Structures are given as structure tokens and as C-alpha cells.
Amino acid sequence: MLHALDLLGTFAFALSGALLAARKRMDIFGVIVLAVAAGLGGGIVRDVLIGATPPVAITQWAYLATAAAAGLVGFAAPVAVARARRPVLVFDAAGLGLFAVAGTAKALDHGVPAVGAVVIGVITAVGGGVARDLLAGDVPAILHSEIYATPAAVAAIVVAAISRAAPVELGAGRPRGRGSKTSYARTET
Amino acid sequence: MLHALDLLGTFAFALSGALLAARKRMDIFGVIVLAVAAGLGGGIVRDVLIGATPPVAITQWAYLATAAAAGLVGFAAPVAVARARRPVLVFDAAGLGLFAVAGTAKALDHGVPAVGAVVIGVITAVGGGVARDLLAGDVPAILHSEIYATPAAVAAIVVAAISRAAPVELGAGRPRGRGSKTSYARTET
Amino acid sequence: MLHALDLLGTFAFALSGALLAARKRMDIFGVIVLAVAAGLGGGIVRDVLIGATPPVAITQWAYLATAAAAGLVGFAAPVAVARARRPVLVFDAAGLGLFAVAGTAKALDHGVPAVGAVVIGVITAVGGGVARDLLAGDVPAILHSEIYATPAAVAAIVVAAISRAAPVELGAGRPRGRGSKTSYARTET
């Protein structure tokens, strides 16, 4: 389930990156680069933060292929669509929700405490969009619009709360018990 | 001691981020995001670089709470104060010194050689400010003002020199002997 | 061999950073900072992604010294040279090729599968330039010029193909057998 969420979020974010690049009249190379950065950015940052290196978005070719495919779709989209502001926002919102859920679930799976898992979920959700906007020379949308961080935080908190109430495995990962909240004590200073 | 330095530096940097956001007339969401990025950025980069993942700024809620509190203080500050350039600089300088010391000490604690620990101390010190300025759309202050990298480097070198002269434990961390300088040889290519 | 490629790439990228800073009329501090960011950025990101922390560019002083020396050379270069666009491009291209090869080889050495190693090679190659351009307030060159990602990808693919055909050790690192392609399965979700 985590894997499917991740790939869906990757596609949505990559499409938002491709459409932004198209709106800025970049050529095919710029569109692909911005699609890949937007699609893989959040997951790579998440995996680096939880120590799951090399990041799955790099070792599994499905992620890169998904992001590149979204880039080609965005590049091939009709100019009228590509220049519209709305599609970028819609796919951005979809990627945001999917990545917030997948990021929080993976962090919990790796034994990160609930509050930390929520923070990682939010960073996963906003990371790709921030990378996309910075690369394109824009001030990241998260800084001037509350529609970004808030729903990502709500989604992450819901996942963490559900996980605590019914600690079933969300991913295919390692066993995780109720005692996992303190398992990272060794990394504290 | 390391923990207290870290939280103080987090508060100072977060306040500098909040005041910059307020000066740019961002709303409450932008102020909080920029405060958190400025306050936690340096410590997160430090922990990723020394392999202490997940970063303590994420797993311990005190960091996030401190940065968010500084964000609220910055948002609530009188407009006249918030628009002034000086407070940002003062809190930036305070955070710089605190993070240079804490970053160098933690890197030494993790067995990073002295020169590497100084580099990590400087990166810890300037990381939050660079993140803050990039997100806000400014060229990072470190590039056009020598008051940033120089004092951070001096503070980091002093910590490394003191640590070599009197190798007492600066943090609550693992034992570290004089032989630790070569303990990362396995990561060299 | 890997080490020499790495240092050569560091020098070339750092020089490109210093010349860009000089062209933007930054002072000596800005020139050094931009040289170091351009020279060490790609290698640091590579080592973080493959989990080889702390990054060799930080623990071995030769990297920092090489980048700083390139910064001084760039700062001392005649103004006419420094303001020209061509030298930045030439050294950028040299660094790109060297880092693509070194990054792919090191990732393969650490057991990253071939496709992932190519991605890491490309990120290593473009990372320093992206950091340099973002810090200097420019839209990264990789987004509006196909001369960046394409040759880096070609170089990385060639290294991965040669490595598979004749799996000799490229670096001084750990033994690596044909079975290493699945050695990171444990990090997949």
C-alpha cells in the first residue's frame, strides 16, 4: 500500500513540476528535470532523514520512470492546459496528501516517534514542491499559502493517530511494537 | 550543555526567520514555516552529515516547539520592530555562534576528525540562515557579508582546539578517546 | 583513481563557482563560499545519498583545501577573464564529466544497483552547479540548457555498463561481486 501511495504521489508531483516548467516555457530538458525534482524530492529527503539510504526513489527504477513519464505527459499537454495555473495546484494538492500519508507511515515503520513521524510526513509532502519552486526561481508556495502545510499536517497527524490506536503494519517493513517510541534514543545528544 | 546550546540557537535562528517573514509581510503560516526552517535547518543538516539520523530536531518535540514559539513571538512583535533590519541580524549572530559551537562539539562527539568537525560546525551555523534566505527569495547573507562565515569558523576552531587540548565530554554522548580521529576511515574512498 | 577524479572535479567546479562569484562582483568571502559550495556540493550529496556519512569532502581536508585554492585562483584572475561567461562553462563541463564518472563508480562500489548508480552519478555531477546557481540567485543552468544533464547521464551510463561488463574495482573500497545488485533490498519499503 505504501508503495502504491508513493508512486501515485510521485506522478502527481512530477506532473505539477512539468506543468510549471511548461508554463515557464522551458524546453523538454527543463520539463523533465523539474518533473523529476518535484516527483522524487520529497521521498529522497524522507529516506535521508530516517536513514534509509540509498533512497528508494533512486534504487527502484519505477520512481524515476513514473516521474519521467509524468514529465512527458506534461510536456505533451496542450499549451492552453499547460499555461493554466489550476492544474498545477490540483496535482500539487493530490501529491501533498499522498506523500504526507506515505511519509508518516514509513517513518513510523522505521521506529520514529509519533511527533517526529508527523514532522517527516509534512517534510515529505512539501519537499518536492519546495524543490520545484526553488529550482524554477519562485518563492515556495508553502510560504504564502496556508493550503499547503495545514492539510499535510492534518493527514500526517491522522496517520500517526490511527497507527497508535491500531498498530498494524502499513508497509511491508520490519516489525514494530509499542515500545518503538524510544528506539531512537541513541541518536539523541 | 550541548542540548541547551542547541535549543538556544534554535530559538535565536527561528526568531530571525520569523522577523524576516514579518518584514516581508507574510501571513502567520509563512512566518511559522520560515521560523521552523531557520531554526531547525542547521541542526538537521548537521545530523544528516554525521549520520545521526533521524535528526534530533525532528525526533525531539522540544526543537519544533521552540522554533514554533519563536515564530509566534516574531509574528506578535510590534510592526515597527518586525520591519527593522537590526533584530534579524542580532538574533542571527547569536544563533550563528551557538550553532557553530554545538555543531562542532556534536561532530567531535561522533568521532569526526578535527578539520571535518570544524567544517560541520560552520555548516550547522550557516545552514539555517541559508535555508531561510533561499526560501524567502533572497541571496544568502553569507555570500555578501563576511560577518557570517568568519565568526562561525573562529568559534568552531576554538571548540576543536579546546577539545583536543582537554578531551572532556561536551555532550552526554558516547565515549570518545584520542584514537577517534581515524574512526571514519572506512567511509573514505 | 576515484580519489583523483574527485579532486579534479572539485577543482573544476570550485573554479566555476569562483568565476561566477567574481562576475557578480562578490568580495573575497563570497567567492570562497561559492567556490566551496560548487566544489563540494555534488560529492556531499552523493555521500549522503549512499549513506557514506560523514561525507569524504568534509572528513578529508584535501577537498576543502582544493576548493578554497580554486576560489583564490578565481578571485585573483584578471577581471576580464572573471567576467567572461566562457570560462565558467568550460570548467563546469569538466567538473560535470569528472563527477559523473566518480559518482557512478562510488555508488557501484557501495553496492547500489546500476540504474540507481547512474541516477546518483547524475546528481553528483549536477549537484554542485545547482547549489552554486541557487546560492547566487540564478535559475540553475541545468533547467535551460541540455548540455548539462545529457552528457552527465551518458558518462554515468558508460561507467555503469563498463562496470557490469568488467567488474573490476574502480576505487580502493570494499569487495563487490556480481551479487551486489540486490544488497540494498533491505532499504526498500
# chains A, B, ... in the order shown; residues from 1 in each chain; ligands from 1
call {"tool": "interface_residues", "arguments": {"of": "chain A", "to": "chain C", "cutoff": "9 Å", "atoms": "only C-alpha atoms", "output": "PyMOL selection string"}}
result
chain A and resi 2-3+21+26-34+44+47-48+51-61+64+106+134-137+171-173
call {"tool": "residues_around", "arguments": {"residues": "range 70-72 of chain C", "least_positions_apart": "5", "cutoff": "6 Å", "atoms": "only C-alpha atoms", "output": "list in words"}}
result
Phe11, Ala14, Leu15, Ala18, Ile32 and Ala35 of chain C
call {"tool": "atom_distance", "arguments": {"atom1": "CA of Gly9 in chain B", "atom2": "CA of Val158 in chain B"}}
result
17.8 Å
call {"tool": "closest_residue", "arguments": {"among": "C:Leu7, C:Ala37, C:Ala77, C:Thr104", "to": "Ala22 in chain C", "atoms": "only C-alpha atoms"}}
result
C:Ala77
call {"tool": "atom_distance", "arguments": {"atom1": "CA of Gly97 in chain B", "atom2": "CA of Arg132 in chain B"}}
result
17.0 Å
call {"tool": "atom_distance", "arguments": {"atom1": "CA of Ala38 in chain B", "atom2": "CA of Ile123 in chain B"}}
result
13.0 Å
call {"tool": "residues_around", "arguments": {"residues": "Ala12 in chain C", "least_positions_apart": "6", "cutoff": "12 Å", "atoms": "only C-alpha atoms", "output": "PyMOL selection string"}}
result
chain C and resi 5-6+18-19+35-36+38-40+63+66-71+73-74+87-99+125+128-129
call {"tool": "select_by_dssp", "arguments": {"residues": "range 4-120 of chain B", "states": "helix (DSSP H, G or I)", "output": "VMD selection string"}}
result
chain B and resid 4 to 23 28 to 49 56 to 59 61 to 76 79 to 83 86 to 109 114 to 120
call {"tool": "write_last_selection", "arguments": {"atoms": "C-alpha atoms", "output": "compact mmCIF listing (two decimals), in the first residue's frame"}}
result
# COMPACT_ATOMS: atom_id res chain seq x y z
CA ALA B 4 20.84 23.75 25.89
CA LEU B 5 23.10 25.40 23.26
CA ASP B 6 21.09 23.70 20.56
CA LEU B 7 17.74 24.92 21.87
CA LEU B 8 19.03 28.48 22.40
CA GLY B 9 20.44 28.56 18.88
CA THR B 10 17.17 27.17 17.55
CA PHE B 11 15.22 29.96 19.27
CA ALA B 12 17.56 32.70 18.03
CA PHE B 13 17.57 31.50 14.41
CA ALA B 14 13.82 30.85 14.41
CA LEU B 15 13.24 34.41 15.66
CA SER B 16 15.46 35.76 12.86
CA GLY B 17 13.37 33.76 10.38
CA ALA B 18 10.08 34.99 11.84
CA LEU B 19 11.22 38.63 11.76
CA LEU B 20 12.39 38.31 8.15
CA ALA B 21 9.00 36.80 7.22
CA ALA B 22 7.18 39.59 9.08
CA ARG B 23 9.33 42.21 7.33
CA ILE B 28 1.09 33.63 10.07
CA PHE B 29 1.71 30.41 8.08
CA GLY B 30 4.68 31.83 6.22
CA VAL B 31 6.11 33.22 9.46
CA ILE B 32 5.90 29.82 11.20
CA VAL B 33 7.36 27.95 8.21
CA LEU B 34 10.29 30.35 7.86
CA ALA B 35 10.90 30.28 11.63
CA VAL B 36 10.97 26.48 11.66
CA ALA B 37 13.22 26.30 8.57
CA ALA B 38 15.67 28.81 10.03
CA GLY B 39 15.60 27.24 13.50
CA LEU B 40 15.84 23.57 12.59
CA GLY B 41 17.71 23.74 9.25
CA GLY B 42 21.27 23.84 10.58
CA GLY B 43 20.79 21.04 13.11
CA ILE B 44 19.03 18.78 10.61
CA VAL B 45 21.83 19.20 8.05
CA ARG B 46 24.44 18.54 10.77
CA ASP B 47 22.78 15.31 11.89
CA VAL B 48 22.36 14.07 8.31
CA LEU B 49 26.05 14.81 7.59
CA VAL B 56 17.30 15.13 16.87
CA ALA B 57 15.49 18.31 15.73
CA ILE B 58 12.80 16.00 14.33
CA THR B 59 12.60 13.24 16.94
CA TRP B 61 9.45 17.76 20.02
CA ALA B 62 11.24 20.42 22.11
CA TYR B 63 13.02 21.72 18.99
CA LEU B 64 9.87 22.08 16.93
CA ALA B 65 8.04 23.67 19.88
CA THR B 66 10.91 26.13 20.44
CA ALA B 67 11.02 27.14 16.78
CA ALA B 68 7.24 27.49 16.55
CA ALA B 69 7.18 29.55 19.75
CA ALA B 70 9.83 31.88 18.31
CA GLY B 71 7.69 32.12 15.20
CA LEU B 72 4.66 33.22 17.25
CA VAL B 73 6.79 35.75 19.16
CA GLY B 74 8.10 37.14 15.88
CA PHE B 75 4.59 37.31 14.44
CA ALA B 76 3.21 39.06 17.53
CA VAL B 79 5.29 46.01 13.38
CA ALA B 80 7.97 48.62 13.88
CA VAL B 81 10.28 46.03 15.42
CA ALA B 82 9.46 43.42 12.86
CA ARG B 83 10.31 45.69 9.93
CA ARG B 86 18.72 45.08 13.14
CA PRO B 87 16.81 42.46 15.21
CA VAL B 88 17.18 39.89 12.43
CA LEU B 89 20.93 40.48 12.42
CA VAL B 90 21.28 40.32 16.21
CA PHE B 91 19.41 37.04 16.57
CA ASP B 92 21.17 35.68 13.51
CA ALA B 93 24.56 36.40 15.09
CA ALA B 94 23.50 34.76 18.37
CA GLY B 95 22.26 31.65 16.58
CA LEU B 96 25.43 31.54 14.48
CA GLY B 97 27.74 31.38 17.49
CA LEU B 98 25.59 28.90 19.42
CA PHE B 99 25.20 26.54 16.45
CA ALA B 100 28.89 26.71 15.48
CA VAL B 101 29.82 25.55 18.98
CA ALA B 102 27.09 22.92 19.23
CA GLY B 103 27.71 21.61 15.72
CA THR B 104 31.47 21.24 16.17
CA ALA B 105 31.04 19.61 19.58
CA LYS B 106 28.49 17.08 18.32
CA ALA B 107 30.65 16.19 15.29
CA LEU B 108 33.67 15.63 17.57
CA ASP B 109 31.44 13.54 19.85
CA ALA B 114 39.02 17.93 13.91
CA VAL B 115 39.07 19.58 10.46
CA GLY B 116 35.84 17.85 9.47
CA ALA B 117 34.22 18.83 12.76
CA VAL B 118 35.07 22.48 12.10
CA VAL B 119 33.51 22.26 8.63
CA ILE B 120 30.38 20.66 10.08
